[in-house]
Amino acid sequence: MTDVELTSWAHRARELAARLREHLHLLRHPQDLLACDVWQSVPGDWQSYLEKLSFAELGRLHMDRLPTRCGDPPLSLAHFLALHEHLALHRQPADDDEEEASDSALIGVVRSSSKSAKLHKKTHEVEKLSALIAAVAATSHCSRAIDIGCGKGSLSAHLSVSSGLDVVGLDAQEVLTSAAAALSSRPPSAGGGRVRIWQRTVHSDEHAPAAVDGICEEAWPAAGSAAASSGVVLCALHACGDLSPTITRCFALAPSVAALVLVPCCYNLLTVDSDPCGAEHSPMKVGKCHPCHPCGAEESDPPSTRPSASPSTRPSAPPSTKQARVPSVAKAAAATAGFPLSEVVRRTGLILSRDVRWIATQREAAALPPSWLDEASKADGAAPPAALLAQLWRALFAALMRDHYADCVPEGTRVSTGGHARHRQQVAEAEGQGKARQGKAEGQGDDKVASTAGFEFVAFAEAALARAGLPANRLDRSELARYAAARCADGVVNAARRVAAMTALQAALAPLVESLLLTDHVLFLHESGVCEDIRAVPVFRPARSPRNVAIVARKRMTDGPTGTGAALLLPTSQPEDAELAACSEQVASFRLAES
């Protein structure tokens, strides 16, 4: 990377940090949107405009031009959306040989939890990333690869067969490495390389680079090895949390490694300098949690290269006041923290809370539509989509916890409500019992429950309280219904529209958070002084795999002067000089207009 390229990356990092610092108040966890009165922090002219839009228009707000059927949008809102779209890294792969229509059809499929959808997604990721790794290996003179967090060895096996690389796959979980044992015993195919799967843990600490060097020495002993002069490419597909910065450090500091191909994931699990103990809002989990979370792991668990337990196999447990699980590296020194890595980003002083980093792991961070957009488009904006209504109930329930259950829930803890599937079940229960409850309520005067939406939230709250083991008799059904009515004073539809509007603004900011985290990796690699070429490459199609940007780097050749190696002929997301110049002009003009 040249000094000009470094300046471009550093400039973008500073602009990203400045814009995020200005709007951090909007990046609250979706459950906290009502409890923290986020809507009141939205400018008044934005509120007036956003409240006129349909649910479908709000769902497309961060992707399309602002609609004008409700009048011209506020200039500051248009600038807000346009500037953030310009600052975010490009996410569309250069290889555009597949039809956009197929991606649109896949949006709904990938959301599904079916095995076929997961297999389709995994196949796409393995094929695309294997091709990228092969290209990097060829230009870096590497015939060997280490796949960290290899799981069942899908990427390792594909690399060995399609690229002829000698691959060692590492994973901390015995259940995964055992499933991949067949790969280790299989003889290399014609033209293919050897593949070995080892159960190993790469700890997120200062000893990780030496551990990687030791693995290289064990796998490919230097003495008498014909491959001793060949380099090693370090790769990982969706490395969670602190594993991504650990792999980046290993590449920069381990002499055995010549190239890097890394796709980060689960930014919410990063350890940050400002909060080494994970003291942000932590979920009071009782059942199944987010699929990217290392479910059930405790602080005392050893750090691993991959989540260590499956939520579907763990029994439900009563709520605990124990501090939230954070990666084990959280107890380490700041020098091994996951964010920030680079001095440029560190000097901005920006603090990204766990909630902000969690938003960067969502689909919207890849500029994809929210899950409720399809339903909103079919309904033509007449009623809140079920998924959005579930989001409203979760936010309303969080406000209920703060107002009436503060003595039962530890400060900084968020109670799990069971997710969208559980909400649908609660809706069905509410609809089945609604008429009976309404008939009973008609003779209760002020205790009358007036709407189906009221029934729905009551059923939702009762189920969530029971799930969390909280006292359900503190508020009866009529009191729960009145609480919801008071919080949604102008109706459930308008309350849901405000939640949709706040979600839309978050969707515009989410790509900036991920862009800054990826830029931090690039800047750190430049600051290490060992790299000849560093890029951020969109490798997967976002609709199939939202976390689709790979950090690609190659060290300077040790057997010749800098620049003797072949250039990495790869697409890139790095900013060009003209692009950053235009960005600077837009930043200046937008800020002038906003003032």
# chains A, B, ... in the order shown; residues from 1 in each chain; ligands from 1

call {"tool": "residues_around", "arguments": {"residues": "Arg91 (chain A)", "least_positions_apart": "4", "cutoff": "8 Å", "atoms": "only C-alpha atoms", "output": "NGL selection string"}}
result
:A and (366 or 538 or 542 or 548-549 or 573)

call {"tool": "atom_distance", "arguments": {"atom1": "CA of Thr519 (chain A)", "atom2": "CA of Ala88 (chain A)"}}
result
10.2 Å

call {"tool": "closest_residue", "arguments": {"among": "A:Arg144, A:Arg354, A:Lys378, A:His84", "to": "Leu269 (chain A)", "atoms": "only C-alpha atoms"}}
result
A:Arg354

call {"tool": "atom_distance", "arguments": {"atom1": "CA of Ala135 (chain A)", "atom2": "CA of Gly153 (chain A)"}}
result
20.0 Å

call {"tool": "closest_residue", "arguments": {"among": "A:Ala258, A:Tyr49, A:His207, A:Cys70", "to": "Ala145 (chain A)", "atoms": "only C-alpha atoms"}}
result
A:Ala258

call {"tool": "atom_distance", "arguments": {"atom1": "CA of Thr139 (chain A)", "atom2": "CA of Leu262 (chain A)"}}
result
16.6 Å

call {"tool": "residues_around", "arguments": {"residues": "region 51-57 of chain A", "least_positions_apart": "2", "cutoff": "12 Å", "atoms": "only C-alpha atoms", "output": "PyMOL selection string"}}
result
chain A and resi 39+42+44-49+59-73+369-389+493-504
